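Engineer: Let me give you the structure first, and then I'll get to my questions.
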Amino acid sequence: MASQKDVKSRISSVKNIQKITRAMEMVAAARLRRAEQRIEALRPYARAVRRMTRRTVEAVESIPNLPLLEEHDEVKRVGLLLITGDRGLAGAFNSQIVRAGNRRAAELKAEGKEVVWYASGKRGVSSLEFRGFDVAVAHQGFTDRPAFANARDIAGDVATQYVDGKVDRVEIIFNHYESPLTQTVRENVLLPLQEMAQVLAEAEGEVDEEDASDHDGSEVDHHRSLWIYEPEPEEILQRLVPDFIEITIFRALLESTASEHGARMSAMRSAQENAGEMIDDLTLEMNRQRQAEITQEIMEVVAGAEGLS
Amino acid sequence: MARSSYPAEVLTPEGQVYQGEVEMISTRTATGSLGVLANHAPLMAMLEPTELKLYKSGSENPGSAEVDRFAQGEGYLQVVDNSALLIVEDALRVDEIDRPALESRLEEARQGLENAEEGSEEQDRRRREIKRAEAFLAIGGEGS
């Protein structure tokens with residue numbers, strides 16, 4: 001049976017843990033707020049790029065060849081991009097991504113496809129490598145505060161692999177940020193780029209309608225003659241494609257960061273509660289010990305007194 | 001006579017970095033330097049990494065002009081209805097430029113370019129990265 005001193009030292013170490021987890025919760029809360037602000041800050045930029053794309057598409061005579069939008073004829077190899085964090089102690093945040101990735105990989109393999117792994121975040125990279133997978137593109141060391149340059153690096157690597165034919169499709173798996181308490185795993189197709197294909201299709205649809213109704217004063221020519229394009233709209237459109245991927249990945253990184261801090265906050269809060277319960281239990285244990293020791297001493301004194309009389 | 005001013009906005013993925021009246025915007029496209037004054041025709045331009053200068057006043061006399069300077073990454077400039085919108089990947093204040101980080105990126109990109117296959121997407125991308133790093137380093141040099 002542990003002595004009173006042992007129990008005392010255990011209580012103080014649990015109290016320390018409680019203090020640390022409380023500090024971590026507060027840090028996570030502050031970072032969560034910042035991450036939320038950054039998700040908001042990205043919005044006007046993304047909207048401006050989308051609006052510009054629409055205007056550019058209206059101005060082009062024919063939509064140029066955009067390899068990132070084209071579906072590959074045969075899908076043999078699929079890239080899975082897992083967005084995780086660099087650090088643990090955030091509940092199921094990292095493990096649910098890795099689990100979703102593995103489930104998706106099993107599905108793909110059952111369809112006879114090969115899986116190529118990409119990962120962002122130390123946790124994702126190391127747990128994939130631990131399972132013996134080869135991670136083709138690994139990025140880490142920034143998930144506390146991802147910069148747009150990080151998204152650009154990842155987007156560049158993934159897009160290059162797609163265009164150079166190393167993969168035929170890329171899917172992204174990340175924690176979507178709903179609220180500080182809820183994060184849900186999202187699986188989206190990143191390449192071929194559907195979001196932009198949609199913008200193009202919408203714009204093309206409008207052109208077709210106009211062509212059908214009247215031929216002389218098409219809206220497209222109108223636009224083109226009024227605006228100065230530097231360089232040609234076709235070239236601008238080609239440059240806009242990677243921007244879409246970068247924005248999509250940046251948003252996923254930011255949401256993942258916000259989710260990570262949210263998850264860590266709740267994990268730390270429940271750790272504090274557990275520590276509190278443990279302290280209560282240990283305090284009870286210590287009091288019992290002390291009581292037992294006092295009783296023992298009294299009995300010894302009484303026994304000694306009886307022996308003398 | 002002072003030049004008339006017009007509203008301009010600079011947007012980056014990190015949020016808005018500038019909003020206000022300017023007399024002239026000086027930046028760079030693939031074909032060369034570009035200066036935009038008030039009442040410019042509608043314009044859509046693709047921008048190259050360079051030093052972005054927003055002249056807030058006194059732009060006819062470059063020596064005494066009040067200028068906001070940024071290290072500007074790739075992006076786009078849109079001018080319509082006498083107002084300008086810059087959509088750029090980066091817009092850093094000159095003192096925010098991290099020279100050692102840029103130098104190591106430049107080195108990495110150069111190595112990547114050497115290893116890249118001829119005519120691949122990889123090669124193209126490395127070239128853009130080198131261009132960006134070189135442009136930013138040039139700005140940092142002048143400023144100090």
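Ordering of the structure tokens sets the chain letters (A, B, ...); residue numbers start at 1 within each chain; ligands are numbered from 1 in the order shown.
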Run DSSP on the backbone and grab whatever in stretch 91-171 of chain A lands in strand (DSSP E or B); send it over as a PDB file with N, CA and C atoms, in the first residue's frame.

Structural biologist:
```pdb
ATOM      1  N   GLU A 114      -4.237   1.757 -58.179  1.00  0.00           N
ATOM      2  CA  GLU A 114      -3.068   1.944 -57.348  1.00  0.00           C
ATOM      3  C   GLU A 114      -3.238   3.232 -56.544  1.00  0.00           C
ATOM      4  N   VAL A 115      -2.691   3.266 -55.343  1.00  0.00           N
ATOM      5  CA  VAL A 115      -2.813   4.474 -54.521  1.00  0.00           C
ATOM      6  C   VAL A 115      -1.449   5.125 -54.353  1.00  0.00           C
ATOM      7  N   VAL A 116      -1.402   6.422 -54.588  1.00  0.00           N
ATOM      8  CA  VAL A 116      -0.185   7.196 -54.345  1.00  0.00           C
ATOM      9  C   VAL A 116      -0.484   8.125 -53.173  1.00  0.00           C
ATOM     10  N   TRP A 117       0.391   8.110 -52.166  1.00  0.00           N
ATOM     11  CA  TRP A 117       0.114   8.892 -50.950  1.00  0.00           C
ATOM     12  C   TRP A 117       0.776  10.264 -50.983  1.00  0.00           C
ATOM     13  N   TYR A 118       0.008  11.263 -50.638  1.00  0.00           N
ATOM     14  CA  TYR A 118       0.553  12.595 -50.371  1.00  0.00           C
ATOM     15  C   TYR A 118       0.090  12.962 -48.979  1.00  0.00           C
ATOM     16  N   ALA A 119       0.925  13.688 -48.234  1.00  0.00           N
ATOM     17  CA  ALA A 119       0.478  14.073 -46.899  1.00  0.00           C
ATOM     18  C   ALA A 119       1.051  15.408 -46.483  1.00  0.00           C
ATOM     19  N   SER A 120       0.255  16.126 -45.721  1.00  0.00           N
ATOM     20  CA  SER A 120       0.714  17.361 -45.105  1.00  0.00           C
ATOM     21  C   SER A 120       0.542  17.188 -43.606  1.00  0.00           C
ATOM     22  N   VAL A 135       5.407   7.685 -48.985  1.00  0.00           N
ATOM     23  CA  VAL A 135       4.723   8.968 -49.155  1.00  0.00           C
ATOM     24  C   VAL A 135       5.427   9.768 -50.257  1.00  0.00           C
ATOM     25  N   ALA A 136       4.730   9.943 -51.388  1.00  0.00           N
ATOM     26  CA  ALA A 136       5.353  10.552 -52.564  1.00  0.00           C
ATOM     27  C   ALA A 136       5.635  12.036 -52.352  1.00  0.00           C
ATOM     28  N   VAL A 137       4.699  12.726 -51.728  1.00  0.00           N
ATOM     29  CA  VAL A 137       4.880  14.149 -51.480  1.00  0.00           C
ATOM     30  C   VAL A 137       4.552  14.411 -50.019  1.00  0.00           C
ATOM     31  N   ALA A 138       5.540  14.840 -49.251  1.00  0.00           N
ATOM     32  CA  ALA A 138       5.314  15.072 -47.828  1.00  0.00           C
ATOM     33  C   ALA A 138       5.663  16.507 -47.476  1.00  0.00           C
ATOM     34  N   HIS A 139       4.757  17.184 -46.818  1.00  0.00           N
ATOM     35  CA  HIS A 139       5.012  18.549 -46.370  1.00  0.00           C
ATOM     36  C   HIS A 139       4.718  18.608 -44.883  1.00  0.00           C
ATOM     37  N   ARG A 169      -5.915  10.857 -60.855  1.00  0.00           N
ATOM     38  CA  ARG A 169      -6.926  11.577 -60.085  1.00  0.00           C
ATOM     39  C   ARG A 169      -6.320  11.884 -58.718  1.00  0.00           C
ATOM     40  N   VAL A 170      -6.723  12.998 -58.142  1.00  0.00           N
ATOM     41  CA  VAL A 170      -6.227  13.322 -56.801  1.00  0.00           C
ATOM     42  C   VAL A 170      -7.417  13.632 -55.907  1.00  0.00           C
ATOM     43  N   GLU A 171      -7.445  12.990 -54.755  1.00  0.00           N
ATOM     44  CA  GLU A 171      -8.501  13.270 -53.787  1.00  0.00           C
ATOM     45  C   GLU A 171      -7.870  13.848 -52.532  1.00  0.00           C
TER      46      GLU A 171
END
```

Engineer: Got a sec to tell me which of stretch 138-306 of chain A DSSP assigns to helix (DSSP H, G or I), as a ChimeraX atom specification?

Structural biologist: /A:148-163,194-213,219-226,233-306

Engineer: May I have the residues of chain B within 6 Å of chain A, counting only C-alpha atoms, written as a PDB file with all heavy atoms, in the first residue's frame?

Structural biologist:
```
ATOM      1  N   LEU B  11      -5.868  42.725 -52.644  1.00  0.00           N
ATOM      2  CA  LEU B  11      -6.328  41.520 -51.941  1.00  0.00           C
ATOM      3  C   LEU B  11      -5.285  40.420 -52.046  1.00  0.00           C
ATOM      4  O   LEU B  11      -4.713  40.195 -53.106  1.00  0.00           O
ATOM      5  CB  LEU B  11      -7.616  40.990 -52.587  1.00  0.00           C
ATOM      6  CG  LEU B  11      -8.938  41.666 -52.283  1.00  0.00           C
ATOM      7  CD1 LEU B  11     -10.045  40.974 -53.052  1.00  0.00           C
ATOM      8  CD2 LEU B  11      -9.225  41.607 -50.791  1.00  0.00           C
ATOM      9  N   THR B  12      -5.037  39.743 -50.917  1.00  0.00           N
ATOM     10  CA  THR B  12      -4.189  38.561 -50.937  1.00  0.00           C
ATOM     11  C   THR B  12      -4.946  37.442 -50.210  1.00  0.00           C
ATOM     12  O   THR B  12      -5.963  37.710 -49.563  1.00  0.00           O
ATOM     13  CB  THR B  12      -2.857  38.797 -50.195  1.00  0.00           C
ATOM     14  OG1 THR B  12      -3.129  38.799 -48.790  1.00  0.00           O
ATOM     15  CG2 THR B  12      -2.207  40.108 -50.591  1.00  0.00           C
ATOM     16  N   PRO B  13      -4.437  36.217 -50.303  1.00  0.00           N
ATOM     17  CA  PRO B  13      -5.115  35.134 -49.564  1.00  0.00           C
ATOM     18  C   PRO B  13      -5.137  35.382 -48.065  1.00  0.00           C
ATOM     19  O   PRO B  13      -5.952  34.820 -47.353  1.00  0.00           O
ATOM     20  CB  PRO B  13      -4.279  33.898 -49.901  1.00  0.00           C
ATOM     21  CG  PRO B  13      -3.549  34.236 -51.146  1.00  0.00           C
ATOM     22  CD  PRO B  13      -3.343  35.718 -51.136  1.00  0.00           C
ATOM     23  N   GLU B  14      -4.249  36.220 -47.564  1.00  0.00           N
ATOM     24  CA  GLU B  14      -4.214  36.517 -46.133  1.00  0.00           C
ATOM     25  C   GLU B  14      -5.122  37.680 -45.770  1.00  0.00           C
ATOM     26  O   GLU B  14      -5.130  38.130 -44.630  1.00  0.00           O
ATOM     27  CB  GLU B  14      -2.789  36.848 -45.692  1.00  0.00           C
ATOM     28  CG  GLU B  14      -1.776  35.755 -45.950  1.00  0.00           C
ATOM     29  CD  GLU B  14      -1.829  34.645 -44.908  1.00  0.00           C
ATOM     30  OE1 GLU B  14      -2.552  34.800 -43.912  1.00  0.00           O
ATOM     31  OE2 GLU B  14      -1.156  33.636 -45.108  1.00  0.00           O
ATOM     32  N   GLY B  15      -5.820  38.208 -46.751  1.00  0.00           N
ATOM     33  CA  GLY B  15      -6.731  39.304 -46.465  1.00  0.00           C
ATOM     34  C   GLY B  15      -6.362  40.549 -47.248  1.00  0.00           C
ATOM     35  O   GLY B  15      -5.461  40.544 -48.082  1.00  0.00           O
ATOM     36  N   PRO B  42     -10.916  50.015 -69.155  1.00  0.00           N
ATOM     37  CA  PRO B  42     -11.022  48.717 -68.486  1.00  0.00           C
ATOM     38  C   PRO B  42      -9.855  47.821 -68.868  1.00  0.00           C
ATOM     39  O   PRO B  42      -9.533  47.688 -70.048  1.00  0.00           O
ATOM     40  CB  PRO B  42     -12.343  48.151 -69.008  1.00  0.00           C
ATOM     41  CG  PRO B  42     -13.134  49.320 -69.420  1.00  0.00           C
ATOM     42  CD  PRO B  42     -12.164  50.354 -69.883  1.00  0.00           C
ATOM     43  N   LEU B  43      -9.244  47.246 -67.846  1.00  0.00           N
ATOM     44  CA  LEU B  43      -8.011  46.490 -68.093  1.00  0.00           C
ATOM     45  C   LEU B  43      -7.995  45.232 -67.240  1.00  0.00           C
ATOM     46  O   LEU B  43      -8.428  45.231 -66.084  1.00  0.00           O
ATOM     47  CB  LEU B  43      -6.805  47.364 -67.712  1.00  0.00           C
ATOM     48  CG  LEU B  43      -5.444  46.677 -67.589  1.00  0.00           C
ATOM     49  CD1 LEU B  43      -4.891  46.365 -68.966  1.00  0.00           C
ATOM     50  CD2 LEU B  43      -4.462  47.534 -66.812  1.00  0.00           C
ATOM     51  N   MET B  44      -7.523  44.178 -67.853  1.00  0.00           N
ATOM     52  CA  MET B  44      -7.287  42.949 -67.091  1.00  0.00           C
ATOM     53  C   MET B  44      -5.864  42.518 -67.416  1.00  0.00           C
ATOM     54  O   MET B  44      -5.559  42.228 -68.563  1.00  0.00           O
ATOM     55  CB  MET B  44      -8.271  41.877 -67.532  1.00  0.00           C
ATOM     56  CG  MET B  44      -8.094  40.593 -66.822  1.00  0.00           C
ATOM     57  SD  MET B  44      -9.361  40.329 -65.601  1.00  0.00           S
ATOM     58  CE  MET B  44     -10.756  39.978 -66.612  1.00  0.00           C
ATOM     59  N   ALA B  45      -5.009  42.542 -66.403  1.00  0.00           N
ATOM     60  CA  ALA B  45      -3.611  42.236 -66.671  1.00  0.00           C
ATOM     61  C   ALA B  45      -3.110  41.166 -65.718  1.00  0.00           C
ATOM     62  O   ALA B  45      -3.559  41.054 -64.579  1.00  0.00           O
ATOM     63  CB  ALA B  45      -2.759  43.489 -66.528  1.00  0.00           C
ATOM     64  N   GLU B 121       6.039  19.807 -66.594  1.00  0.00           N
ATOM     65  CA  GLU B 121       5.361  20.818 -65.783  1.00  0.00           C
ATOM     66  C   GLU B 121       6.281  21.255 -64.639  1.00  0.00           C
ATOM     67  O   GLU B 121       6.329  22.413 -64.261  1.00  0.00           O
ATOM     68  CB  GLU B 121       4.063  20.201 -65.241  1.00  0.00           C
ATOM     69  CG  GLU B 121       3.180  21.138 -64.456  1.00  0.00           C
ATOM     70  CD  GLU B 121       2.455  22.151 -65.324  1.00  0.00           C
ATOM     71  OE1 GLU B 121       2.413  21.949 -66.555  1.00  0.00           O
ATOM     72  OE2 GLU B 121       1.959  23.140 -64.767  1.00  0.00           O
ATOM     73  N   GLU B 122       7.030  20.287 -64.136  1.00  0.00           N
ATOM     74  CA  GLU B 122       7.973  20.511 -63.047  1.00  0.00           C
ATOM     75  C   GLU B 122       8.958  21.633 -63.408  1.00  0.00           C
ATOM     76  O   GLU B 122       9.206  22.548 -62.626  1.00  0.00           O
ATOM     77  CB  GLU B 122       8.726  19.196 -62.791  1.00  0.00           C
ATOM     78  CG  GLU B 122       9.809  19.246 -61.748  1.00  0.00           C
ATOM     79  CD  GLU B 122       9.268  19.236 -60.327  1.00  0.00           C
ATOM     80  OE1 GLU B 122       8.138  18.764 -60.152  1.00  0.00           O
ATOM     81  OE2 GLU B 122       9.969  19.722 -59.429  1.00  0.00           O
TER      82      GLU B 122
END
```

Engineer: Distance atom CA of B:Gly112-atom CA of A:Leu81, one decimal place?

Structural biologist: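 These atoms are spaced 21.9 Å apart.
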
Engineer: What lies within 10 Å of B:Glu103 using only C-alpha atoms, ignoring chain neighbours under 6 positions off, as a compact mmCIF listing (two decimals) with N, CA, C and O atoms, in the first residue's frame?

Structural biologist:
```
# COMPACT_ATOMS: atom_id res chain seq x y z
N ALA B 109 15.06 25.73 -55.69
CA ALA B 109 14.38 25.78 -56.98
C ALA B 109 15.36 25.56 -58.12
O ALA B 109 15.07 24.87 -59.11
N ILE B 130 11.85 30.51 -59.31
CA ILE B 130 13.12 31.24 -59.37
C ILE B 130 12.83 32.71 -59.65
O ILE B 130 13.39 33.60 -59.01
N ALA B 133 11.51 34.42 -56.46
CA ALA B 133 12.53 34.63 -55.44
C ALA B 133 13.50 35.73 -55.88
O ALA B 133 13.87 36.60 -55.08
N GLU B 134 13.88 35.72 -57.14
CA GLU B 134 14.84 36.73 -57.61
C GLU B 134 14.25 38.13 -57.55
O GLU B 134 14.91 39.08 -57.14
N PHE B 136 11.91 39.23 -55.53
CA PHE B 136 11.79 39.66 -54.14
C PHE B 136 13.15 40.03 -53.56
O PHE B 136 13.27 41.00 -52.82
N LEU B 137 14.17 39.27 -53.91
CA LEU B 137 15.50 39.56 -53.39
C LEU B 137 15.99 40.90 -53.91
O LEU B 137 16.66 41.64 -53.19
```

Engineer: Calculated over only C-alpha atoms, which of the candidates B:Asn82, B:Ser33, B:Ser59, B:Gln72 has the smallest distance to B:Val17?

Structural biologist: B:Gln72
